[in-house]
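Visitor: Input file: data_35.txt. Contents: compact mmCIF, C-alpha atoms.
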```
# COMPACT_ATOMS: atom_id res chain seq x y z
CA MET A 280 66.44 -21.50 -72.92
CA SER A 281 66.39 -18.90 -75.68
CA ALA A 282 67.41 -15.37 -76.35
CA VAL A 283 69.99 -14.41 -73.80
CA SER A 284 72.66 -13.05 -76.14
CA ASP A 285 70.34 -12.06 -78.97
CA SER A 286 67.54 -10.57 -76.91
CA PRO A 287 66.52 -7.00 -77.79
CA SER A 288 67.35 -6.21 -74.17
CA SER A 289 70.87 -7.54 -74.62
CA PRO A 290 72.46 -5.98 -77.70
CA PRO A 291 75.65 -7.56 -79.09
CA SER A 292 77.75 -5.21 -76.98
CA ALA A 293 76.01 -6.34 -73.79
CA PRO A 294 78.17 -8.11 -71.22
CA PRO A 295 77.55 -11.78 -70.43
CA LEU A 296 74.78 -12.56 -68.01
CA HIS A 297 76.00 -12.55 -64.41
CA PRO A 298 76.16 -16.15 -63.07
CA ASP A 299 73.92 -15.22 -60.13
CA VAL A 300 71.05 -14.44 -62.51
CA ALA A 301 71.72 -17.17 -65.10
CA HIS A 302 68.73 -19.17 -63.87
CA LEU A 303 66.50 -16.09 -64.39
CA ALA A 304 67.34 -15.89 -68.12
CA CYS A 305 63.88 -17.30 -68.82
CA LEU A 306 62.51 -13.84 -67.96
CA LEU A 307 64.75 -11.82 -70.30
CA GLY A 308 63.41 -10.13 -73.37
CA GLN A 309 60.79 -7.77 -74.67
CA TRP A 310 57.31 -9.08 -74.11
CA SER A 311 54.00 -7.81 -75.42
CA GLY A 312 50.41 -8.95 -75.29
CA LYS A 313 47.06 -8.37 -73.76
CA GLY A 314 45.64 -8.41 -70.26
CA ARG A 315 42.45 -7.87 -68.33
CA GLY A 316 41.82 -6.01 -65.09
CA VAL A 317 38.95 -6.43 -62.65
CA TYR A 318 38.24 -5.09 -59.18
CA PRO A 319 35.07 -4.49 -57.20
CA THR A 320 35.58 -0.73 -57.15
CA ILE A 321 36.16 -0.21 -60.88
CA GLU A 322 34.79 -1.18 -64.26
CA SER A 323 36.60 -4.15 -65.82
CA PHE A 324 39.03 -3.25 -68.59
CA GLU A 325 41.34 -4.82 -71.16
CA TYR A 326 44.80 -3.55 -71.89
CA TYR A 327 47.79 -3.96 -74.17
CA GLU A 328 51.07 -4.38 -72.34
CA GLN A 329 54.76 -4.12 -73.11
CA VAL A 330 57.26 -5.56 -70.66
CA THR A 331 61.04 -5.26 -70.92
CA ILE A 332 63.34 -7.36 -68.75
CA GLY A 333 67.04 -6.80 -69.34
CA HIS A 334 70.43 -6.93 -67.66
CA VAL A 335 73.77 -5.12 -67.62
CA GLY A 336 76.01 -8.00 -66.48
CA LYS A 337 75.31 -7.43 -62.81
CA PRO A 338 73.41 -9.75 -60.45
CA PHE A 339 69.96 -8.31 -61.06
CA LEU A 340 67.44 -7.93 -63.88
CA ALA A 341 65.91 -4.57 -64.78
CA TYR A 342 62.15 -4.61 -65.29
CA SER A 343 59.84 -2.04 -66.84
CA GLN A 344 56.29 -2.20 -68.04
CA LYS A 345 53.67 -0.02 -69.73
CA THR A 346 50.02 -0.64 -70.53
CA ARG A 347 47.52 1.07 -72.83
CA HIS A 348 43.77 0.77 -72.70
CA ALA A 349 42.61 -1.78 -75.31
CA ILE A 350 39.78 0.45 -76.54
CA THR A 351 40.91 4.04 -76.06
CA ASP A 352 44.64 3.27 -76.59
CA LEU A 353 45.41 5.76 -73.82
CA PRO A 354 48.29 4.99 -71.47
CA LEU A 355 47.07 3.26 -68.30
CA HIS A 356 49.69 1.94 -65.92
CA ALA A 357 53.47 1.86 -65.81
CA GLU A 358 55.99 0.51 -63.36
CA SER A 359 59.69 -0.15 -63.19
CA GLY A 360 62.01 -1.99 -60.88
CA TYR A 361 64.44 -4.82 -60.42
CA PHE A 362 64.51 -8.58 -59.80
CA ARG A 363 67.20 -9.64 -57.32
CA PRO A 364 67.98 -13.34 -56.98
CA VAL A 365 68.62 -14.72 -53.50
CA GLY A 366 70.41 -17.98 -54.16
CA SER A 367 68.88 -20.21 -56.81
CA ASP A 368 65.32 -20.48 -55.58
CA ARG A 369 64.31 -17.16 -54.06
CA VAL A 370 63.85 -13.71 -55.60
CA GLU A 371 63.32 -10.19 -54.33
CA LEU A 372 61.47 -7.66 -56.47
CA VAL A 373 61.40 -3.88 -55.97
CA ILE A 374 59.00 -1.77 -58.02
CA ALA A 375 58.16 1.95 -58.27
CA GLN A 376 54.89 3.11 -59.78
CA PRO A 377 53.76 6.53 -61.03
CA THR A 378 50.69 6.13 -58.86
CA GLY A 379 52.98 6.95 -55.91
CA ILE A 380 53.34 3.36 -54.79
CA VAL A 381 56.42 1.25 -54.22
CA GLU A 382 56.19 -2.50 -53.76
CA MET A 383 58.83 -4.81 -52.28
CA HIS A 384 58.28 -8.51 -52.84
CA GLU A 385 59.87 -11.76 -51.80
CA GLY A 386 59.13 -15.09 -53.35
CA VAL A 387 60.03 -18.42 -54.79
CA PHE A 388 61.59 -19.19 -58.17
CA HIS A 389 61.12 -22.53 -59.92
CA ALA A 390 62.87 -23.58 -63.09
CA THR A 391 60.75 -25.78 -65.34
CA GLU A 392 61.68 -27.79 -68.41
CA GLN A 393 60.25 -25.15 -70.76
CA GLY A 394 60.71 -22.02 -68.65
CA CYS A 395 60.21 -20.93 -65.09
CA SER A 396 57.74 -19.61 -62.56
CA LEU A 397 57.81 -17.00 -59.83
CA ALA A 398 55.43 -16.65 -56.88
CA LEU A 399 55.91 -13.31 -55.15
CA ALA A 400 54.16 -11.65 -52.21
CA SER A 401 54.64 -8.08 -51.06
CA THR A 402 56.53 -7.54 -47.82
CA THR A 403 56.19 -3.76 -48.02
CA VAL A 404 53.82 -1.51 -49.90
CA ALA A 405 54.67 2.13 -49.29
CA LEU A 406 52.54 5.05 -50.43
CA THR A 407 53.12 8.72 -51.01
CA PRO A 408 50.59 11.00 -49.26
CA THR A 409 48.59 11.42 -52.47
CA ALA A 410 48.54 7.72 -53.47
CA GLN A 411 45.47 5.48 -53.23
CA GLN A 412 45.52 2.93 -50.42
CA VAL A 413 47.10 -0.41 -51.37
CA ASP A 414 47.70 -2.89 -48.56
CA SER A 415 49.27 -5.92 -50.22
CA VAL A 416 49.96 -7.45 -53.61
CA THR A 417 50.86 -10.90 -54.87
CA ARG A 418 52.37 -11.53 -58.28
CA SER A 419 52.58 -14.90 -59.96
CA ILE A 420 54.59 -15.13 -63.21
CA GLN A 421 54.90 -18.16 -65.50
CA VAL A 422 57.16 -18.46 -68.53
CA HIS A 423 56.72 -21.36 -70.93
CA ASP A 424 58.99 -21.04 -73.97
CA ASP A 425 58.12 -17.62 -75.42
CA LEU A 426 54.83 -17.20 -73.55
CA MET A 427 54.65 -15.25 -70.29
CA THR A 428 51.47 -15.26 -68.24
CA TYR A 429 50.94 -13.53 -64.95
CA GLU A 430 48.32 -13.00 -62.30
CA LEU A 431 48.28 -10.09 -59.87
CA ASP A 432 46.15 -10.08 -56.73
CA MET A 433 45.71 -6.93 -54.67
CA ALA A 434 44.22 -5.79 -51.38
CA ALA A 435 43.40 -2.10 -51.82
CA VAL A 436 40.93 0.68 -51.00
CA GLY A 437 39.29 -1.41 -48.25
CA GLN A 438 38.93 -4.60 -50.33
CA GLU A 439 40.40 -7.96 -49.35
CA LEU A 440 43.26 -9.52 -51.30
CA GLN A 441 41.74 -10.69 -54.58
CA HIS A 442 42.34 -11.13 -58.26
CA HIS A 443 43.02 -7.87 -60.11
CA LEU A 444 45.09 -8.48 -63.27
CA SER A 445 45.97 -11.29 -65.65
CA ALA A 446 47.77 -11.19 -68.98
CA ARG A 447 49.37 -13.29 -71.72
CA LEU A 448 52.49 -11.88 -73.34
CA GLY A 449 54.69 -13.15 -76.18
CA ARG A 450 58.45 -12.65 -76.52
CA MET B 92 62.17 26.30 -71.78
CA SER B 93 63.33 23.86 -74.43
CA ALA B 94 62.74 20.41 -75.73
CA VAL B 95 59.31 19.34 -74.70
CA SER B 96 57.95 18.27 -78.05
CA ASP B 97 61.30 17.51 -79.69
CA SER B 98 62.97 15.78 -76.75
CA PRO B 99 64.35 12.28 -77.42
CA SER B 100 61.99 11.18 -74.64
CA SER B 101 59.04 12.65 -76.47
CA PRO B 102 59.00 11.43 -80.08
CA PRO B 103 56.74 13.23 -82.55
CA SER B 104 53.94 10.77 -81.82
CA ALA B 105 54.08 11.55 -78.09
CA PRO B 106 51.00 13.16 -76.62
CA PRO B 107 51.14 16.72 -75.32
CA LEU B 108 52.53 17.23 -71.85
CA HIS B 109 49.84 16.94 -69.19
CA PRO B 110 49.02 20.40 -67.76
CA ASP B 111 49.73 19.15 -64.22
CA VAL B 112 53.39 18.53 -65.13
CA ALA B 113 53.87 21.49 -67.49
CA HIS B 114 55.95 23.31 -64.88
CA LEU B 115 58.26 20.26 -64.62
CA ALA B 116 59.16 20.42 -68.33
CA CYS B 117 62.54 21.81 -67.28
CA LEU B 118 63.46 18.26 -66.22
CA LEU B 119 62.54 16.50 -69.47
CA GLY B 120 65.16 15.04 -71.76
CA GLN B 121 68.13 12.77 -71.97
CA TRP B 122 70.95 13.95 -69.79
CA SER B 123 74.54 12.73 -69.59
CA GLY B 124 77.65 13.78 -67.76
CA LYS B 125 80.01 13.00 -64.95
CA GLY B 126 79.69 12.68 -61.20
CA ARG B 127 81.69 11.92 -58.10
CA GLY B 128 80.85 9.77 -55.10
CA VAL B 129 82.32 9.91 -51.62
CA TYR B 130 81.42 8.24 -48.33
CA PRO B 131 83.39 7.44 -45.19
CA THR B 132 83.00 3.68 -45.70
CA ILE B 133 84.15 3.51 -49.34
CA GLU B 134 86.86 4.76 -51.66
CA SER B 135 85.87 7.89 -53.59
CA PHE B 136 84.95 7.29 -57.23
CA GLU B 137 84.01 9.12 -60.40
CA TYR B 138 81.27 8.00 -62.72
CA TYR B 139 79.60 8.67 -66.05
CA GLU B 140 75.85 8.99 -65.84
CA GLN B 141 72.90 8.85 -68.21
CA VAL B 142 69.53 10.13 -67.02
CA THR B 143 66.28 9.94 -68.97
CA ILE B 144 63.21 11.88 -67.88
CA GLY B 145 60.17 11.45 -70.10
CA HIS B 146 56.39 11.50 -70.11
CA VAL B 147 53.42 9.78 -71.73
CA GLY B 148 50.86 12.58 -71.45
CA LYS B 149 49.85 11.66 -67.91
CA PRO B 150 50.43 13.74 -64.77
CA PHE B 151 53.85 12.28 -63.89
CA LEU B 152 57.36 12.11 -65.31
CA ALA B 153 59.21 8.81 -65.72
CA TYR B 154 62.80 8.82 -64.51
CA SER B 155 65.61 6.34 -65.09
CA GLN B 156 69.32 6.54 -64.55
CA LYS B 157 72.45 4.47 -65.07
CA THR B 158 76.06 5.08 -64.10
CA ARG B 159 79.36 3.53 -65.18
CA HIS B 160 82.67 3.74 -63.35
CA ALA B 161 84.79 6.49 -64.95
CA ILE B 162 87.94 4.33 -64.95
CA THR B 163 86.78 0.73 -65.36
CA ASP B 164 83.67 1.62 -67.45
CA LEU B 165 81.80 -1.10 -65.53
CA PRO B 166 78.15 -0.48 -64.65
CA LEU B 167 77.79 0.93 -61.15
CA HIS B 168 74.36 2.08 -60.08
CA ALA B 169 70.93 2.24 -61.67
CA GLU B 170 67.56 3.41 -60.49
CA SER B 171 64.15 4.14 -61.94
CA GLY B 172 61.00 5.80 -60.76
CA TYR B 173 58.56 8.63 -61.18
CA PHE B 174 58.14 12.32 -60.33
CA ARG B 175 54.61 13.22 -59.22
CA PRO B 176 53.66 16.90 -58.94
CA VAL B 177 51.52 17.97 -56.00
CA GLY B 178 50.15 21.31 -57.09
CA SER B 179 52.64 23.73 -58.57
CA ASP B 180 55.29 23.81 -55.86
CA ARG B 181 55.58 20.33 -54.34
CA VAL B 182 56.74 17.04 -55.80
CA GLU B 183 56.72 13.40 -54.77
CA LEU B 184 59.39 11.04 -56.09
CA VAL B 185 59.31 7.24 -55.93
CA ILE B 186 62.42 5.27 -56.88
CA ALA B 187 63.36 1.59 -57.06
CA GLN B 188 66.99 0.48 -57.04
CA PRO B 189 68.63 -2.83 -57.96
CA THR B 190 70.40 -2.70 -54.61
CA GLY B 191 67.05 -3.73 -53.09
CA ILE B 192 66.15 -0.24 -51.94
CA VAL B 193 63.09 1.87 -52.62
CA GLU B 194 63.00 5.56 -51.77
CA MET B 195 59.94 7.79 -51.42
CA HIS B 196 60.60 11.51 -51.34
CA GLU B 197 58.65 14.68 -50.84
CA GLY B 198 59.92 18.12 -51.60
CA VAL B 199 59.70 21.58 -52.98
CA PHE B 200 59.81 22.68 -56.62
CA HIS B 201 60.93 26.16 -57.67
CA ALA B 202 60.76 27.51 -61.19
CA THR B 203 63.60 29.86 -62.05
CA GLU B 204 64.10 32.14 -65.02
CA GLN B 205 66.48 29.69 -66.70
CA GLY B 206 65.18 26.41 -65.31
CA CYS B 207 64.10 25.00 -62.00
CA SER B 208 65.19 23.41 -58.76
CA LEU B 209 63.95 20.57 -56.59
CA ALA B 210 64.78 19.92 -52.94
CA LEU B 211 63.65 16.44 -51.91
CA ALA B 212 63.93 14.49 -48.67
CA SER B 213 63.07 10.85 -48.17
CA THR B 214 59.94 10.07 -46.19
CA THR B 215 60.40 6.30 -46.53
CA VAL B 216 63.43 4.19 -47.36
CA ALA B 217 62.46 0.52 -47.52
CA LEU B 218 64.95 -2.32 -47.84
CA THR B 219 64.77 -5.93 -48.96
CA PRO B 220 66.30 -8.41 -46.47
CA THR B 221 69.54 -8.57 -48.46
CA ALA B 222 69.95 -4.81 -49.00
CA GLN B 223 72.52 -2.66 -47.21
CA GLN B 224 71.18 -0.36 -44.51
CA VAL B 225 70.12 3.09 -45.76
CA ASP B 226 68.27 5.32 -43.30
CA SER B 227 67.54 8.50 -45.21
CA VAL B 228 68.41 10.35 -48.40
CA THR B 229 68.08 13.93 -49.61
CA ARG B 230 68.24 14.87 -53.28
CA SER B 231 68.74 18.39 -54.57
CA ILE B 232 68.39 18.96 -58.32
CA GLN B 233 69.06 22.18 -60.24
CA VAL B 234 68.40 22.79 -63.92
CA HIS B 235 69.81 25.88 -65.61
CA ASP B 236 69.15 25.89 -69.36
CA ASP B 237 70.63 22.58 -70.56
CA LEU B 238 72.74 21.95 -67.47
CA MET B 239 71.49 19.71 -64.66
CA THR B 240 73.42 19.47 -61.41
CA TYR B 241 72.46 17.43 -58.39
CA GLU B 242 73.62 16.62 -54.90
CA LEU B 243 72.63 13.52 -52.99
CA ASP B 244 73.16 13.17 -49.24
CA MET B 245 72.70 9.85 -47.49
CA ALA B 246 72.58 8.38 -43.99
CA ALA B 247 73.58 4.73 -44.34
CA VAL B 248 75.48 1.84 -42.75
CA GLY B 249 75.69 3.62 -39.39
CA GLN B 250 76.85 6.99 -40.79
CA GLU B 251 75.03 10.28 -40.28
CA LEU B 252 73.31 12.08 -43.17
CA GLN B 253 76.13 13.50 -45.29
CA HIS B 254 77.22 14.28 -48.82
CA HIS B 255 77.49 11.21 -51.04
CA LEU B 256 77.06 12.15 -54.73
CA SER B 257 77.26 15.17 -56.99
CA ALA B 258 77.13 15.38 -60.77
CA ARG B 259 76.89 17.77 -63.73
CA LEU B 260 74.86 16.59 -66.71
CA GLY B 261 74.14 18.13 -70.10
CA ARG B 262 70.95 17.75 -72.13
```
Have the structure of the file written as structure tokens, please.
Guide:
Amino acid sequence: MSAVSDSPSSPPSAPPLHPDVAHLACLLGQWSGKGRGVYPTIESFEYYEQVTIGHVGKPFLAYSQKTRHAITDLPLHAESGYFRPVGSDRVELVIAQPTGIVEMHEGVFHATEQGCSLALASTTVALTPTAQQVDSVTRSIQVHDDLMTYELDMAAVGQELQHHLSARLGR
Amino acid sequence: MSAVSDSPSSPPSAPPLHPDVAHLACLLGQWSGKGRGVYPTIESFEYYEQVTIGHVGKPFLAYSQKTRHAITDLPLHAESGYFRPVGSDRVELVIAQPTGIVEMHEGVFHATEQGCSLALASTTVALTPTAQQVDSVTRSIQVHDDLMTYELDMAAVGQELQHHLSARLGR
């Protein structure tokens, strides 16, 4: 596994990784790449994405993300939150979004020879009064060496749970 | 009001502030200072805090925060989220925390001659299965020129809503 101590998210002065998140080191780093979004209620779109996953020596990983539209270069989505390991094979994820949505996920973590995978499903999606309706979200993340891919499915605005986003990011 | 275009959160290449958040410009910047935490179930503590409030030209402000213990210098708390204006005098706030807690707030915004104030109360506090019980939170934020002060009250772990945190931060 690469880039724990020399990751951009972990400068030389950073403390050692907390043992409770050692198995999540596969996720650490600054990631960037391209993704595609589809949904029945919108026009399909492509986006550039930057993801940062870092740590401060405590038993969680900090996560933040930003996307820009691939054609207009305008900012699209952003979100930030935290991965919390539960033992060695389960993970909780909490996320806040500027769209007025918070997601809480639980899921399964698998270490693989070249990386890891996470399969998360929302347990709570809470909305501010002015947010669009989102009922549930699943997030599947795969890391293989320095490649991260993810798929996000969403049930929202009256539509059943279905594919919404996929992306390929490099570290 | 200072530091919109030359704030560390808004580099020269940053887009102009979205008109819907123009009245929230008082909050923008990198803030640092000292705070104090008390609660019946814990020992009182003092902390150093760094707060960043920035924007990307869209109608929300991004918020992140980190604290370190004033004596041990170890990382204490962190949280991240977004301020969403609702018209000119109300604000929604969504926050994720590495403690497995998400908070959604609604509240009132007041512009003052030298700054602004926000009085927020949680409408939803959602917890992952491994998080400690938190029932409700209120957050009061005042900005006067380059001074930000805040008070946070919390009902948690069986205790009634009461004072938990206060801090003074400079921009």
Visitor: Enter the distance from CA of His235 (chain B) to CA of Leu184 (chain B), in Å, rounded to one decimal.
Guide: 20.5 Å
Visitor: Superposition of chain A onto chain B by least squares over all sequentially paired C-alpha atoms; the transformed chain is requested as an mmCIF file with C-alpha atoms, in the coordinates of the input.
Guide:
```cif
data_model
loop_
_atom_site.group_PDB
_atom_site.id
_atom_site.type_symbol
_atom_site.label_atom_id
_atom_site.label_comp_id
_atom_site.auth_asym_id
_atom_site.auth_seq_id
_atom_site.Cartn_x
_atom_site.Cartn_y
_atom_site.Cartn_z
ATOM 1 C CA MET A 280 61.983 26.380 -71.721
ATOM 2 C CA SER A 281 63.316 24.034 -74.385
ATOM 3 C CA ALA A 282 62.779 20.598 -75.747
ATOM 4 C CA VAL A 283 59.354 19.468 -74.713
ATOM 5 C CA SER A 284 58.040 18.374 -78.109
ATOM 6 C CA ASP A 285 61.400 17.592 -79.680
ATOM 7 C CA SER A 286 63.017 15.870 -76.726
ATOM 8 C CA PRO A 287 64.400 12.372 -77.369
ATOM 9 C CA SER A 288 62.058 11.282 -74.585
ATOM 10 C CA SER A 289 59.082 12.716 -76.441
ATOM 11 C CA PRO A 290 59.068 11.467 -80.031
ATOM 12 C CA PRO A 291 56.801 13.227 -82.554
ATOM 13 C CA SER A 292 54.031 10.742 -81.819
ATOM 14 C CA ALA A 293 54.139 11.551 -78.102
ATOM 15 C CA PRO A 294 51.021 13.129 -76.623
ATOM 16 C CA PRO A 295 51.144 16.702 -75.320
ATOM 17 C CA LEU A 296 52.524 17.210 -71.859
ATOM 18 C CA HIS A 297 49.826 16.906 -69.199
ATOM 19 C CA PRO A 298 49.006 20.376 -67.761
ATOM 20 C CA ASP A 299 49.718 19.145 -64.225
ATOM 21 C CA VAL A 300 53.365 18.521 -65.131
ATOM 22 C CA ALA A 301 53.862 21.482 -67.496
ATOM 23 C CA HIS A 302 55.945 23.306 -64.890
ATOM 24 C CA LEU A 303 58.238 20.240 -64.628
ATOM 25 C CA ALA A 304 59.156 20.387 -68.342
ATOM 26 C CA CYS A 305 62.534 21.784 -67.296
ATOM 27 C CA LEU A 306 63.450 18.235 -66.223
ATOM 28 C CA LEU A 307 62.535 16.475 -69.485
ATOM 29 C CA GLY A 308 65.141 15.036 -71.769
ATOM 30 C CA GLN A 309 68.116 12.748 -71.964
ATOM 31 C CA TRP A 310 70.951 13.934 -69.796
ATOM 32 C CA SER A 311 74.524 12.719 -69.596
ATOM 33 C CA GLY A 312 77.653 13.771 -67.777
ATOM 34 C CA LYS A 313 79.979 12.991 -64.970
ATOM 35 C CA GLY A 314 79.686 12.693 -61.216
ATOM 36 C CA ARG A 315 81.689 11.921 -58.120
ATOM 37 C CA GLY A 316 80.847 9.770 -55.118
ATOM 38 C CA VAL A 317 82.315 9.915 -51.627
ATOM 39 C CA TYR A 318 81.430 8.260 -48.338
ATOM 40 C CA PRO A 319 83.395 7.424 -45.212
ATOM 41 C CA THR A 320 82.998 3.685 -45.726
ATOM 42 C CA ILE A 321 84.156 3.509 -49.352
ATOM 43 C CA GLU A 322 86.869 4.746 -51.665
ATOM 44 C CA SER A 323 85.882 7.878 -53.601
ATOM 45 C CA PHE A 324 84.965 7.275 -57.231
ATOM 46 C CA GLU A 325 84.012 9.112 -60.413
ATOM 47 C CA TYR A 326 81.270 7.981 -62.720
ATOM 48 C CA TYR A 327 79.604 8.650 -66.049
ATOM 49 C CA GLU A 328 75.844 8.972 -65.847
ATOM 50 C CA GLN A 329 72.893 8.855 -68.203
ATOM 51 C CA VAL A 330 69.531 10.123 -67.012
ATOM 52 C CA THR A 331 66.273 9.922 -68.957
ATOM 53 C CA ILE A 332 63.201 11.868 -67.867
ATOM 54 C CA GLY A 333 60.166 11.436 -70.094
ATOM 55 C CA HIS A 334 56.381 11.485 -70.101
ATOM 56 C CA VAL A 335 53.415 9.746 -71.716
ATOM 57 C CA GLY A 336 50.840 12.558 -71.447
ATOM 58 C CA LYS A 337 49.840 11.652 -67.917
ATOM 59 C CA PRO A 338 50.435 13.716 -64.763
ATOM 60 C CA PHE A 339 53.825 12.267 -63.892
ATOM 61 C CA LEU A 340 57.347 12.087 -65.312
ATOM 62 C CA ALA A 341 59.190 8.790 -65.725
ATOM 63 C CA TYR A 342 62.780 8.800 -64.497
ATOM 64 C CA SER A 343 65.594 6.331 -65.072
ATOM 65 C CA GLN A 344 69.302 6.526 -64.541
ATOM 66 C CA LYS A 345 72.448 4.452 -65.068
ATOM 67 C CA THR A 346 76.056 5.067 -64.096
ATOM 68 C CA ARG A 347 79.357 3.517 -65.178
ATOM 69 C CA HIS A 348 82.647 3.729 -63.361
ATOM 70 C CA ALA A 349 84.794 6.476 -64.943
ATOM 71 C CA ILE A 350 87.923 4.308 -64.971
ATOM 72 C CA THR A 351 86.776 0.713 -65.364
ATOM 73 C CA ASP A 352 83.659 1.601 -67.433
ATOM 74 C CA LEU A 353 81.788 -1.108 -65.530
ATOM 75 C CA PRO A 354 78.146 -0.492 -64.656
ATOM 76 C CA LEU A 355 77.784 0.927 -61.136
ATOM 77 C CA HIS A 356 74.349 2.083 -60.070
ATOM 78 C CA ALA A 357 70.917 2.229 -61.653
ATOM 79 C CA GLU A 358 67.540 3.407 -60.478
ATOM 80 C CA SER A 359 64.140 4.123 -61.921
ATOM 81 C CA GLY A 360 60.993 5.798 -60.738
ATOM 82 C CA TYR A 361 58.553 8.624 -61.165
ATOM 83 C CA PHE A 362 58.132 12.315 -60.313
ATOM 84 C CA ARG A 363 54.595 13.206 -59.213
ATOM 85 C CA PRO A 364 53.666 16.876 -58.933
ATOM 86 C CA VAL A 365 51.510 17.955 -55.998
ATOM 87 C CA GLY A 366 50.132 21.296 -57.099
ATOM 88 C CA SER A 367 52.636 23.721 -58.579
ATOM 89 C CA ASP A 368 55.265 23.810 -55.870
ATOM 90 C CA ARG A 369 55.562 20.349 -54.358
ATOM 91 C CA VAL A 370 56.736 17.040 -55.827
ATOM 92 C CA GLU A 371 56.719 13.411 -54.769
ATOM 93 C CA LEU A 372 59.385 11.044 -56.071
ATOM 94 C CA VAL A 373 59.306 7.234 -55.928
ATOM 95 C CA ILE A 374 62.414 5.266 -56.867
ATOM 96 C CA ALA A 375 63.357 1.567 -57.042
ATOM 97 C CA GLN A 376 66.982 0.479 -57.028
ATOM 98 C CA PRO A 377 68.625 -2.839 -57.937
ATOM 99 C CA THR A 378 70.394 -2.693 -54.599
ATOM 100 C CA GLY A 379 67.046 -3.725 -53.067
ATOM 101 C CA ILE A 380 66.146 -0.242 -51.915
ATOM 102 C CA VAL A 381 63.091 1.871 -52.597
ATOM 103 C CA GLU A 382 63.010 5.560 -51.755
ATOM 104 C CA MET A 383 59.937 7.783 -51.412
ATOM 105 C CA HIS A 384 60.599 11.506 -51.340
ATOM 106 C CA GLU A 385 58.642 14.682 -50.838
ATOM 107 C CA GLY A 386 59.924 18.121 -51.595
ATOM 108 C CA VAL A 387 59.690 21.583 -52.986
ATOM 109 C CA PHE A 388 59.786 22.679 -56.624
ATOM 110 C CA HIS A 389 60.916 26.151 -57.679
ATOM 111 C CA ALA A 390 60.743 27.512 -61.191
ATOM 112 C CA THR A 391 63.596 29.859 -62.054
ATOM 113 C CA GLU A 392 64.091 32.151 -65.026
ATOM 114 C CA GLN A 393 66.477 29.701 -66.712
ATOM 115 C CA GLY A 394 65.191 26.406 -65.314
ATOM 116 C CA CYS A 395 64.073 24.996 -62.017
ATOM 117 C CA SER A 396 65.181 23.409 -58.777
ATOM 118 C CA LEU A 397 63.956 20.569 -56.607
ATOM 119 C CA ALA A 398 64.776 19.913 -52.949
ATOM 120 C CA LEU A 399 63.647 16.443 -51.916
ATOM 121 C CA ALA A 400 63.935 14.495 -48.663
ATOM 122 C CA SER A 401 63.070 10.848 -48.167
ATOM 123 C CA THR A 402 59.944 10.061 -46.174
ATOM 124 C CA THR A 403 60.420 6.308 -46.533
ATOM 125 C CA VAL A 404 63.428 4.186 -47.346
ATOM 126 C CA ALA A 405 62.474 0.524 -47.503
ATOM 127 C CA LEU A 406 64.952 -2.326 -47.824
ATOM 128 C CA THR A 407 64.771 -5.918 -48.922
ATOM 129 C CA PRO A 408 66.303 -8.394 -46.435
ATOM 130 C CA THR A 409 69.534 -8.568 -48.437
ATOM 131 C CA ALA A 410 69.945 -4.796 -48.980
ATOM 132 C CA GLN A 411 72.536 -2.648 -47.198
ATOM 133 C CA GLN A 412 71.181 -0.356 -44.494
ATOM 134 C CA VAL A 413 70.119 3.086 -45.751
ATOM 135 C CA ASP A 414 68.274 5.319 -43.299
ATOM 136 C CA SER A 415 67.545 8.515 -45.212
ATOM 137 C CA VAL A 416 68.409 10.352 -48.404
ATOM 138 C CA THR A 417 68.091 13.917 -49.624
ATOM 139 C CA ARG A 418 68.249 14.876 -53.279
ATOM 140 C CA SER A 419 68.738 18.385 -54.572
ATOM 141 C CA ILE A 420 68.386 18.942 -58.344
ATOM 142 C CA GLN A 421 69.066 22.168 -60.255
ATOM 143 C CA VAL A 422 68.390 22.779 -63.935
ATOM 144 C CA HIS A 423 69.792 25.871 -65.621
ATOM 145 C CA ASP A 424 69.126 25.866 -69.369
ATOM 146 C CA ASP A 425 70.626 22.571 -70.573
ATOM 147 C CA LEU A 426 72.743 21.922 -67.476
ATOM 148 C CA MET A 427 71.491 19.688 -64.664
ATOM 149 C CA THR A 428 73.420 19.453 -61.418
ATOM 150 C CA TYR A 429 72.463 17.429 -58.404
ATOM 151 C CA GLU A 430 73.635 16.615 -54.921
ATOM 152 C CA LEU A 431 72.649 13.501 -52.995
ATOM 153 C CA ASP A 432 73.153 13.171 -49.249
ATOM 154 C CA MET A 433 72.695 9.843 -47.496
ATOM 155 C CA ALA A 434 72.584 8.387 -44.001
ATOM 156 C CA ALA A 435 73.594 4.735 -44.351
ATOM 157 C CA VAL A 436 75.497 1.845 -42.763
ATOM 158 C CA GLY A 437 75.691 3.650 -39.398
ATOM 159 C CA GLN A 438 76.873 7.004 -40.809
ATOM 160 C CA GLU A 439 75.047 10.293 -40.297
ATOM 161 C CA LEU A 440 73.326 12.076 -43.173
ATOM 162 C CA GLN A 441 76.125 13.500 -45.312
ATOM 163 C CA HIS A 442 77.221 14.276 -48.818
ATOM 164 C CA HIS A 443 77.509 11.206 -51.056
ATOM 165 C CA LEU A 444 77.055 12.134 -54.740
ATOM 166 C CA SER A 445 77.270 15.161 -57.005
ATOM 167 C CA ALA A 446 77.148 15.391 -60.783
ATOM 168 C CA ARG A 447 76.895 17.757 -63.752
ATOM 169 C CA LEU A 448 74.858 16.558 -66.712
ATOM 170 C CA GLY A 449 74.130 18.118 -70.111
ATOM 171 C CA ARG A 450 70.929 17.725 -72.137
#
```
Visitor: Give the answer as one residue: which of B:Val142, B:Met245, B:Ile192, B:Val129 has the shortest atom-to-atom distance to chain A, using all atoms listed in the file?
Guide: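 Once distances to chain A are computed over all atoms listed in the file, the minimum belongs to B:Ile192.
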Visitor: For Gly198 (chain B), which of B:Ser155, B:Thr229, B:Gln224, B:Thr219 is the closest residue, counting all atoms listed in the file?
Guide: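 Checking each candidate against Gly198 (chain B), we get B:Thr229 as the closest.
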